[in-house]
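Next comes input_35.pdb, with PDB, C-alpha atoms.
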```pdb
ATOM      1  CA  MET F 776     -16.908  -1.788  16.245
ATOM      2  CA  SER F 777     -19.135  -3.638  13.775
ATOM      3  CA  MET F 778     -19.970  -2.858  10.160
ATOM      4  CA  THR F 779     -22.140  -4.109   7.296
ATOM      5  CA  ARG F 780     -21.435  -3.084   3.694
ATOM      6  CA  VAL F 781     -23.066  -3.850   0.352
ATOM      7  CA  GLY F 782     -20.729  -5.010  -2.415
ATOM      8  CA  HIS F 783     -20.617  -6.617  -5.833
ATOM      9  CA  CYS F 784     -18.843  -9.961  -6.031
ATOM     10  CA  TYR F 785     -17.317 -11.709  -9.060
ATOM     11  CA  THR F 786     -16.982 -15.500  -8.907
ATOM     12  CA  ASP F 787     -15.518 -18.017 -11.314
ATOM     13  CA  ALA F 788     -18.437 -19.534 -13.232
ATOM     14  CA  ALA F 789     -17.046 -23.082 -13.248
ATOM     15  CA  SER F 790     -15.807 -23.419  -9.653
ATOM     16  CA  GLY F 791     -17.689 -20.728  -7.749
ATOM     17  CA  THR F 792     -14.396 -19.370  -6.430
ATOM     18  CA  VAL F 793     -14.630 -15.754  -5.266
ATOM     19  CA  ILE F 794     -12.405 -13.605  -7.468
ATOM     20  CA  ASP F 795     -12.975 -10.099  -6.104
ATOM     21  CA  VAL F 796     -15.491  -7.818  -4.367
ATOM     22  CA  TRP F 797     -16.094  -4.113  -4.934
ATOM     23  CA  PHE F 798     -17.709  -2.056  -2.164
ATOM     24  CA  PRO F 799     -19.099   1.324  -3.328
ATOM     25  CA  ARG F 800     -18.332   4.086  -0.813
ATOM     26  CA  ASP F 801     -21.995   5.138  -0.598
ATOM     27  CA  ASN F 802     -23.125   1.548   0.087
ATOM     28  CA  GLN F 803     -25.396   1.450  -2.980
ATOM     29  CA  ARG F 804     -26.336  -1.780  -4.712
ATOM     30  CA  ILE F 805     -24.422  -1.270  -7.962
ATOM     31  CA  GLU F 806     -23.871  -4.025 -10.522
ATOM     32  CA  ARG F 807     -20.655  -4.311 -12.530
ATOM     33  CA  ASN F 808     -20.286  -5.753 -16.001
ATOM     34  CA  CYS F 809     -17.344  -6.788 -18.180
ATOM     35  CA  LEU F 810     -16.538  -8.909 -21.227
ATOM     36  CA  ALA F 811     -15.487 -11.871 -19.076
ATOM     37  CA  LYS F 812     -18.947 -11.850 -17.495
ATOM     38  CA  GLN F 813     -20.663 -11.525 -20.869
ATOM     39  CA  ALA F 814     -18.645 -14.507 -22.093
ATOM     40  CA  GLY F 815     -19.977 -16.561 -19.161
ATOM     41  CA  LEU F 816     -16.577 -17.127 -17.558
ATOM     42  CA  ILE F 817     -17.408 -15.239 -14.370
ATOM     43  CA  LYS F 818     -20.633 -14.424 -12.545
ATOM     44  CA  GLY F 819     -21.604 -11.322 -10.594
ATOM     45  CA  GLU F 820     -23.940 -10.801  -7.655
ATOM     46  CA  ILE F 821     -24.776  -8.226  -4.994
ATOM     47  CA  ILE F 822     -23.750  -9.343  -1.495
ATOM     48  CA  GLU F 823     -23.721  -8.018   2.052
ATOM     49  CA  VAL F 824     -20.673  -8.484   4.262
ATOM     50  CA  ALA F 825     -20.761  -7.962   8.021
ATOM     51  CA  ILE F 826     -17.741  -7.670  10.324
ATOM     52  CA  GLU F 827     -18.517  -7.827  14.020
ATOM     53  CA  ASP F 828     -14.997  -7.541  15.397
ATOM     54  CA  PHE F 829     -11.993  -6.155  13.496
ATOM     55  CA  SER F 830      -9.598  -7.605  16.066
ATOM     56  CA  THR F 831     -10.370 -11.127  14.833
ATOM     57  CA  ALA F 832      -8.842 -12.552  11.657
ATOM     58  CA  PRO F 833     -10.963 -12.417   8.486
ATOM     59  CA  ALA F 834     -12.859 -15.617   7.715
ATOM     60  CA  SER F 835     -13.618 -15.169   4.000
ATOM     61  CA  THR F 836     -12.359 -13.579   0.787
ATOM     62  CA  GLU F 837     -15.301 -11.183   0.884
ATOM     63  CA  GLU F 838     -14.307 -10.005   4.346
ATOM     64  CA  VAL F 839     -10.693  -9.472   3.262
ATOM     65  CA  TYR F 840     -11.836  -7.212   0.426
ATOM     66  CA  LEU F 841     -13.949  -5.138   2.794
ATOM     67  CA  ARG F 842     -10.995  -4.627   5.129
ATOM     68  CA  LEU F 843      -8.774  -3.605   2.204
ATOM     69  CA  HIS F 844     -11.431  -1.135   1.017
ATOM     70  CA  LEU F 845     -11.669   0.438   4.474
ATOM     71  CA  LEU F 846      -7.917   1.011   4.509
ATOM     72  CA  SER F 847      -7.923   2.637   1.070
ATOM     73  CA  GLU F 848     -10.961   4.738   1.975
ATOM     74  CA  CYS F 849      -8.926   5.969   4.988
ATOM     75  CA  ALA F 850     -11.824   4.813   7.177
ATOM     76  CA  MET F 851      -9.295   2.784   9.177
ATOM     77  CA  GLN F 852      -5.550   3.237   9.587
ATOM     78  CA  PRO F 853      -2.832   0.669   8.890
ATOM     79  CA  ASN F 854      -2.211  -1.770  11.749
ATOM     80  CA  SER F 855      -5.653  -1.013  13.219
ATOM     81  CA  MET F 856      -7.248  -4.343  12.272
ATOM     82  CA  ASN F 857      -6.383  -8.028  12.151
ATOM     83  CA  LEU F 858      -5.226  -9.142   8.676
ATOM     84  CA  ASP F 859      -3.834 -12.544   9.673
ATOM     85  CA  GLY F 860      -4.228 -15.237   7.022
ATOM     86  CA  ILE F 861      -5.332 -13.005   4.170
ATOM     87  CA  PHE F 862      -2.939 -14.536   1.628
ATOM     88  CA  ALA F 863      -4.643 -17.901   2.014
ATOM     89  CA  LEU F 864      -8.054 -16.294   1.465
ATOM     90  CA  LEU F 865      -7.120 -14.328  -1.661
ATOM     91  CA  GLN F 866      -6.964 -16.036  -5.036
ATOM     92  CA  ASN F 867      -4.230 -15.450  -7.572
ATOM     93  CA  VAL F 868      -6.153 -13.488 -10.218
ATOM     94  CA  ALA F 869      -5.406 -12.459 -13.794
ATOM     95  CA  TRP F 870      -6.381  -8.780 -13.843
ATOM     96  CA  THR F 871      -7.279  -8.187 -17.484
ATOM     97  CA  SER F 872      -8.797  -5.470 -19.659
ATOM     98  CA  ALA F 873     -11.868  -7.717 -20.051
ATOM     99  CA  GLY F 874     -12.328  -8.243 -16.298
ATOM    100  CA  PRO F 875     -10.731 -10.350 -13.556
ATOM    101  CA  VAL F 876     -10.508 -14.111 -14.127
ATOM    102  CA  LEU F 877      -8.583 -17.038 -12.710
ATOM    103  CA  PRO F 878      -5.218 -17.462 -14.492
ATOM    104  CA  THR F 879      -6.311 -20.857 -15.867
ATOM    105  CA  THR F 880      -9.199 -19.120 -17.645
ATOM    106  CA  VAL F 881      -7.184 -16.533 -19.593
ATOM    107  CA  ASP F 882      -6.905 -18.697 -22.741
ATOM    108  CA  ALA F 883     -10.659 -19.355 -22.691
ATOM    109  CA  LEU F 884     -11.260 -15.628 -22.298
ATOM    110  CA  ARG F 885      -8.985 -14.850 -25.231
ATOM    111  CA  LEU F 886     -10.893 -17.360 -27.376
ATOM    112  CA  ALA F 887     -14.250 -15.929 -26.271
ATOM    113  CA  LEU F 888     -13.163 -12.468 -27.421
ATOM    114  CA  VAL F 889     -12.286 -13.480 -30.984
ATOM    115  CA  GLY F 890     -15.438 -11.819 -32.318
ATOM    116  CA  GLU F 891     -15.049  -8.695 -30.192
ATOM    117  CA  ALA F 892     -13.240  -5.492 -31.147
ATOM    118  CA  HIS F 893     -11.029  -5.857 -28.101
ATOM    119  CA  HIS F 894      -7.315  -6.576 -27.683
ATOM    120  CA  LEU F 895      -6.935  -8.478 -24.422
ATOM    121  CA  THR F 896      -4.331  -7.077 -22.049
ATOM    122  CA  VAL F 897      -3.269  -8.857 -18.865
ATOM    123  CA  PHE F 898      -2.136  -6.153 -16.451
ATOM    124  CA  SER F 899      -0.895  -8.510 -13.748
ATOM    125  CA  ILE F 900      -1.323 -11.896 -12.094
ATOM    126  CA  ASP F 901      -1.500 -11.241  -8.392
ATOM    127  CA  LYS F 902      -3.614 -11.595  -5.268
ATOM    128  CA  PHE F 903      -4.100  -7.827  -4.958
ATOM    129  CA  PRO F 904      -5.629  -5.515  -7.561
ATOM    130  CA  ARG F 905      -4.738  -1.891  -8.202
ATOM    131  CA  MET F 906      -6.263   0.424  -5.631
ATOM    132  CA  VAL F 907      -7.576   2.960  -8.157
ATOM    133  CA  ASP F 908      -9.836   0.353  -9.803
ATOM    134  CA  TYR F 909     -11.755   0.093  -6.514
ATOM    135  CA  VAL F 910     -11.127   3.244  -4.475
ATOM    136  CA  ILE F 911     -10.232   6.784  -5.577
ATOM    137  CA  PRO F 912      -8.924   8.661  -2.522
ATOM    138  CA  PRO F 913      -9.561  12.428  -2.524
ATOM    139  CA  GLY F 914      -6.696  14.905  -2.847
ATOM    140  CA  VAL F 915      -4.138  12.314  -3.941
ATOM    141  CA  ARG F 916      -1.795  12.092  -6.960
ATOM    142  CA  ILE F 917      -0.662   8.671  -8.210
ATOM    143  CA  ALA F 918       1.695   8.740 -11.199
ATOM    144  CA  ASP F 919       1.620   4.981 -11.881
ATOM    145  CA  ALA F 920      -1.535   3.222 -10.661
ATOM    146  CA  ASP F 921       0.087  -0.217 -10.986
ATOM    147  CA  ARG F 922       2.329   0.616  -8.031
ATOM    148  CA  VAL F 923      -0.395   1.156  -5.427
ATOM    149  CA  ARG F 924      -2.237  -1.939  -4.199
ATOM    150  CA  LEU F 925      -5.768  -2.079  -2.842
ATOM    151  CA  GLY F 926      -5.403  -1.713   0.911
ATOM    152  CA  ALA F 927      -2.966   1.201   0.659
ATOM    153  CA  HIS F 928      -3.850   4.130   2.938
ATOM    154  CA  LEU F 929      -3.165   7.472   1.229
ATOM    155  CA  ALA F 930      -4.126  10.586   3.171
ATOM    156  CA  PRO F 931      -5.197  13.747   1.288
ATOM    157  CA  GLY F 932      -2.190  15.676   0.017
ATOM    158  CA  THR F 933      -0.130  12.562  -0.711
ATOM    159  CA  THR F 934       1.775  12.242  -3.986
ATOM    160  CA  VAL F 935       3.052   8.846  -5.172
ATOM    161  CA  MET F 936       5.517   9.392  -8.011
ATOM    162  CA  HIS F 937       6.306   6.923 -10.823
ATOM    163  CA  GLU F 938       8.900   4.943  -8.849
ATOM    164  CA  GLY F 939       6.939   5.062  -5.600
ATOM    165  CA  PHE F 940       5.220   1.901  -4.356
ATOM    166  CA  VAL F 941       2.656   1.544  -1.570
ATOM    167  CA  ASN F 942       1.579  -1.909  -0.419
ATOM    168  CA  PHE F 943      -1.561  -2.919   1.479
ATOM    169  CA  ASN F 944      -1.846  -1.991   5.183
ATOM    170  CA  ALA F 945       0.667   0.816   4.662
ATOM    171  CA  GLY F 946       0.767   4.413   3.528
ATOM    172  CA  SER F 947       0.600   8.022   4.632
ATOM    173  CA  LEU F 948      -1.029   9.761   7.586
ATOM    174  CA  GLY F 949      -0.846  13.248   6.064
ATOM    175  CA  GLU F 950       0.491  15.269   3.157
ATOM    176  CA  CYS F 951       3.727  13.704   1.952
ATOM    177  CA  MET F 952       5.827  12.718  -1.053
ATOM    178  CA  ILE F 953       6.434   9.022  -1.805
ATOM    179  CA  GLU F 954       9.112   8.143  -4.365
ATOM    180  CA  GLY F 955      10.336   4.956  -2.673
ATOM    181  CA  ARG F 956       8.841   1.709  -1.334
ATOM    182  CA  VAL F 957       6.376   1.759   1.564
ATOM    183  CA  THR F 958       5.940  -1.865   2.648
ATOM    184  CA  PRO F 959       3.183  -3.537   4.733
ATOM    185  CA  GLY F 960       2.737  -2.135   8.226
ATOM    186  CA  VAL F 961       4.710   1.055   7.487
ATOM    187  CA  VAL F 962       3.184   4.533   7.847
ATOM    188  CA  VAL F 963       4.646   7.893   6.827
ATOM    189  CA  GLY F 964       3.883  11.040   8.814
ATOM    190  CA  ALA F 965       2.751  14.401   7.447
ATOM    191  CA  LYS F 966       5.205  16.652   5.567
ATOM    192  CA  SER F 967       7.702  13.810   5.074
ATOM    193  CA  ASP F 968       9.496  12.673   1.922
ATOM    194  CA  VAL F 969      10.315   9.054   1.012
ATOM    195  CA  GLY F 970      13.111   9.635  -1.498
ATOM    196  CA  ALA F 971      13.514   8.032  -4.912
ATOM    197  CA  GLY F 972      14.690   4.420  -4.744
ATOM    198  CA  SER F 973      14.482   4.264  -0.946
ATOM    199  CA  SER F 974      12.820   1.480   1.046
ATOM    200  CA  ILE F 975      11.415   0.822   4.496
ATOM    201  CA  MET F 976      11.472  -2.651   6.038
ATOM    202  CA  GLY F 977       7.966  -3.991   6.601
ATOM    203  CA  THR F 978       6.600  -6.872   8.637
ATOM    204  CA  LEU F 979       6.309  -9.563   5.949
ATOM    205  CA  SER F 980       9.768 -10.279   4.539
ATOM    206  CA  GLY F 981      11.708 -12.584   6.833
ATOM    207  CA  GLY F 982       8.825 -12.793   9.274
ATOM    208  CA  GLY F 983       9.788  -9.581  11.051
ATOM    209  CA  LYS F 984       7.432  -8.310  13.762
ATOM    210  CA  GLN F 985       8.876  -4.813  14.236
ATOM    211  CA  VAL F 986       6.490  -2.192  12.818
ATOM    212  CA  ASN F 987       8.558   0.673  11.420
ATOM    213  CA  ALA F 988       7.383   4.171  10.593
ATOM    214  CA  ILE F 989       8.556   7.590   9.457
ATOM    215  CA  GLY F 990       7.575  10.526  11.630
ATOM    216  CA  GLU F 991       6.535  14.010  10.552
ATOM    217  CA  ARG F 992       8.724  16.497   8.615
ATOM    218  CA  SER F 993      11.350  13.841   7.926
ATOM    219  CA  LEU F 994      13.386  12.781   4.901
ATOM    220  CA  LEU F 995      14.476   9.321   3.815
ATOM    221  CA  GLY F 996      17.080  10.193   1.205
ATOM    222  CA  ALA F 997      17.303   8.805  -2.319
ATOM    223  CA  ASN F 998      18.378   5.120  -2.405
ATOM    224  CA  ALA F 999      18.449   5.047   1.397
ATOM    225  CA  GLY F1000      16.612   2.638   3.675
ATOM    226  CA  ILE F1001      15.610   1.990   7.262
ATOM    227  CA  GLY F1002      14.985  -1.086   9.373
ATOM    228  CA  ILE F1003      14.077   1.137  12.323
ATOM    229  CA  SER F1004      11.519   3.892  12.794
ATOM    230  CA  LEU F1005      12.585   7.403  11.821
ATOM    231  CA  GLY F1006      11.383   9.998  14.324
ATOM    232  CA  ASP F1007       9.986  13.475  13.675
ATOM    233  CA  ASP F1008      12.320  16.054  12.086
ATOM    234  CA  SER F1009      14.892  13.431  11.120
ATOM    235  CA  ILE F1010      16.974  12.664   8.038
ATOM    236  CA  VAL F1011      18.729   9.639   6.552
ATOM    237  CA  GLU F1012      21.274  10.746   3.988
ATOM    238  CA  ALA F1013      21.086   9.473   0.409
ATOM    239  CA  GLY F1014      22.403   5.953  -0.102
ATOM    240  CA  LEU F1015      22.595   4.998   3.573
ATOM    241  CA  TYR F1016      20.715   1.911   4.778
ATOM    242  CA  VAL F1017      20.232   1.855   8.552
ATOM    243  CA  THR F1018      19.209  -1.575   9.862
ATOM    244  CA  ALA F1019      18.385  -2.317  13.492
ATOM    245  CA  GLY F1020      21.856  -3.777  14.009
ATOM    246  CA  THR F1021      23.806  -0.968  12.340
ATOM    247  CA  LYS F1022      26.458   0.405  14.704
ATOM    248  CA  VAL F1023      25.993   4.158  15.067
ATOM    249  CA  ARG F1024      28.441   6.621  16.599
ATOM    250  CA  LEU F1025      26.848   9.382  18.716
ATOM    251  CA  PRO F1026      28.286  12.917  19.134
ATOM    252  CA  ASP F1027      29.857  11.953  22.480
ATOM    253  CA  GLY F1028      31.721   9.083  20.838
ATOM    254  CA  LYS F1029      29.504   6.321  22.228
ATOM    255  CA  VAL F1030      28.593   3.556  19.746
ATOM    256  CA  VAL F1031      25.113   2.005  19.919
ATOM    257  CA  SER F1032      22.947  -0.248  17.770
ATOM    258  CA  ALA F1033      20.521   1.744  15.615
ATOM    259  CA  ARG F1034      17.563  -0.035  17.255
ATOM    260  CA  GLU F1035      18.296   2.030  20.376
ATOM    261  CA  LEU F1036      17.609   5.191  18.331
ATOM    262  CA  SER F1037      14.413   3.916  16.695
ATOM    263  CA  GLY F1038      11.774   6.642  16.718
ATOM    264  CA  ALA F1039      14.043   9.259  18.319
ATOM    265  CA  PRO F1040      13.314  12.751  16.896
ATOM    266  CA  GLY F1041      15.720  15.300  15.469
ATOM    267  CA  LEU F1042      18.460  12.998  14.188
ATOM    268  CA  LEU F1043      20.591  13.046  11.058
ATOM    269  CA  PHE F1044      21.945   9.617  10.073
ATOM    270  CA  ARG F1045      24.978   9.844   7.799
ATOM    271  CA  ARG F1046      28.102   7.917   6.882
ATOM    272  CA  ASN F1047      31.321   9.753   7.603
ATOM    273  CA  SER F1048      33.043  10.043   4.221
ATOM    274  CA  GLN F1049      36.516   9.831   5.808
ATOM    275  CA  THR F1050      36.133   7.110   8.424
ATOM    276  CA  GLY F1051      33.221   5.159   6.909
ATOM    277  CA  CYS F1052      31.391   4.918  10.244
ATOM    278  CA  VAL F1053      27.669   5.674  10.534
ATOM    279  CA  GLU F1054      26.933   8.710  12.692
ATOM    280  CA  ALA F1055      23.803  10.184  14.280
ATOM    281  CA  LEU F1056      23.875  13.935  14.778
ATOM    282  CA  PRO F1057      21.289  16.397  16.082
ATOM    283  CA  THR F1058      19.390  18.114  13.287
ATOM    284  CA  ASP F1059      15.974  19.431  12.293
ATOM    285  CA  SER F1060      13.797  19.291   9.171
ATOM    286  CA  SER F1061      14.888  22.786   8.096
ATOM    287  CA  ARG F1062      18.186  21.183   7.026
ATOM    288  CA  TRP F1063      16.442  19.798   3.936
ATOM    289  CA  GLY F1064      13.723  22.392   3.492
ATOM    290  CA  GLY F1065      10.656  20.176   3.566
ATOM    291  CA  ILE F1066       8.265  19.225   0.777
ATOM    292  CA  ASN F1067       8.058  21.629  -2.166
ATOM    293  CA  THR F1068       4.408  22.604  -1.772
ATOM    294  CA  THR F1069       4.179  24.257  -5.187
ATOM    295  CA  LEU F1070       5.693  21.351  -7.098
ATOM    296  CA  HIS F1071       3.637  18.731  -5.262
ATOM    297  CA  SER F1072       0.306  20.550  -5.040
ATOM    298  CA  ASN F1073      -2.621  18.148  -5.554
ATOM    299  CA  ASP F1074      -5.233  20.792  -6.371
TER
END
```
As a first step, turn the structure in this file into structure tokens.
Amino acid sequence: MSMTRVGHCYTDAASGTVIDVWFPRDNQRIERNCLAKQAGLIKGEIIEVAIEDFSTAPASTEEVYLRLHLLSECAMQPNSMNLDGIFALLQNVAWTSAGPVLPTTVDALRLALVGEAHHLTVFSIDKFPRMVDYVIPPGVRIADADRVRLGAHLAPGTTVMHEGFVNFNAGSLGECMIEGRVTPGVVVGAKSDVGAGSSIMGTLSGGGKQVNAIGERSLLGANAGIGISLGDDSIVEAGLYVTAGTKVRLPDGKVVSARELSGAPGLLFRRNSQTGCVEALPTDSSRWGGINTTLHSND
């Protein structure tokens, strides 16, 4: 698969360093403008970026931005392309109300705005911008835009509540509710709920290679977590963190490591309140009732 897209690139005026690239969905040649550009601190130009093979690592900042756009446009799914080395290709950027600039340029930008009716706000200093400033996915609710990075994949019908967080190369494959943390490499199946304060181990922290996921019609309870994949029609009770090495007692009394149950459907993971041991019992998604379609409607 090969692709060529037209985008608008901002570069630092002094060093020529690429700061960001925006790729319009309809591939039009659209210029952007901002106060940082008017002040001469950054420059803008229309560019074309071609990717011949998505299985090879990106070779430029411009190419990284195109890959992140394709994920957020849901044109490609998480884990479907090579993203090796992207941190080295992305600059640390001050994302401000006057436009993106290098962090070392913020004071110069503030000085340049003295005569403008504008109060400069620095939203973040990070390698990744907010997704909604570049891509607006259809049929999606996002309560706090700061908590969804460019490169997040949000399928129509997804709701990300205020405490939800979706990183790049991660997200939903269908209608779902996200109130916890969805980390790089992780995908959430349709009709599933990532409960408030919960988290899913990704592939970055600690150098882990295991790609975890949540299946369809499943619930990761509030303040719970998983270091394994949760299969279809499964539940992790509130407050329980199941890592790959967690010892789990099965209904027949056998004790196994949770990694042996990774991706298995129809399981309820809970901690026995009397013995303290973690148990896995047969269950189905009707035990928790599924997503409240009226409350979470995105129409």
Q.
Going by the chain IDs and residue numbers used in this file, which residues fall under the PyMOL selection byres ((chain F and resi 822) around 7)? Write them as a PyMOL selection string.
A. chain F and resi 781-784+820-821+823-824
Q. Which residues match the PyMOL selection byres ((chain F and resi 885) around 12) in the file above, as a list in words?
A. Leu810, Ala811, Ala814, Leu816, Thr871, Ser872, Ala873, Gly874, Val876, Pro878, Thr879, Thr880, Val881, Asp882, Ala883, Leu884, Leu886, Ala887, Leu888, Val889, Gly890, Glu891, Ala892, His893, His894, Leu895, Thr896 and Val897 of chain F
To test the calculation: enclose all listed atoms of stretch 1031-1043 of chain F in a box whose edges run along x, y and z, add 4 Å on each side, then state centre and edge lengths in Å to one decimal, as lines of an AutoDock Vina configuration file.
```
center_x = 18.4
center_y = 7.5
center_z = 15.7
size_x = 21.3
size_y = 23.5
size_z = 17.3
```
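Once F:Asp801 and its same-chain neighbours fewer than 3 positions away are set aside, Arg780, Val781, Gly782, Trp797, Phe798, Arg804, Ile805, Glu848 and Val910 of chain F remain within 12 Å of it when counting all atoms listed in the file.
For stretch 914-927 of chain F, the non-local neighbours within 6 Å, defined as residues at least 2 positions apart in the same chain or in other chains and counting only C-alpha atoms, are F:Leu843, F:Leu846, F:Ser847, F:Pro904, F:Arg905, F:Met906, F:Pro931, F:Gly932, F:Thr933, F:Thr934, F:Val935, F:Met936, F:His937, F:Phe940, F:Val941, F:Asn942, F:Phe943, F:Asn944, F:Ala945, F:Gly946, F:Asn1073.
Relative to atom CA of F:Ser993, atom CA of F:Val1017 is found at 14.9 Å.
Taking atom CA of F:Trp870 and atom CA of F:Val963 as the two end points, the separation is 28.8 Å.
In this model, the gap between atom CA of F:Tyr785 and atom CA of F:Lys812 comes to 8.6 Å.
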Q. Got a sec to resolve the PyMOL selection byres ((chain F and resi 1058) around 6) on this structure and send the residues as a list in words?
A. Gly1041, Leu1042, Leu1043, Pro1057 and Asp1059 of chain F
Kindly save the residues from that selection, with C-alpha atoms included, as a PDB file, in the coordinates of the input.
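The file below, part26.pdb, is the result:
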```pdb
ATOM      1  CA  GLY F1041      15.720  15.300  15.469  1.00  0.00           C
ATOM      2  CA  LEU F1042      18.460  12.998  14.188  1.00  0.00           C
ATOM      3  CA  LEU F1043      20.591  13.046  11.058  1.00  0.00           C
ATOM      4  CA  PRO F1057      21.289  16.397  16.082  1.00  0.00           C
ATOM      5  CA  ASP F1059      15.974  19.431  12.293  1.00  0.00           C
TER       6      ASP F1059
END
```
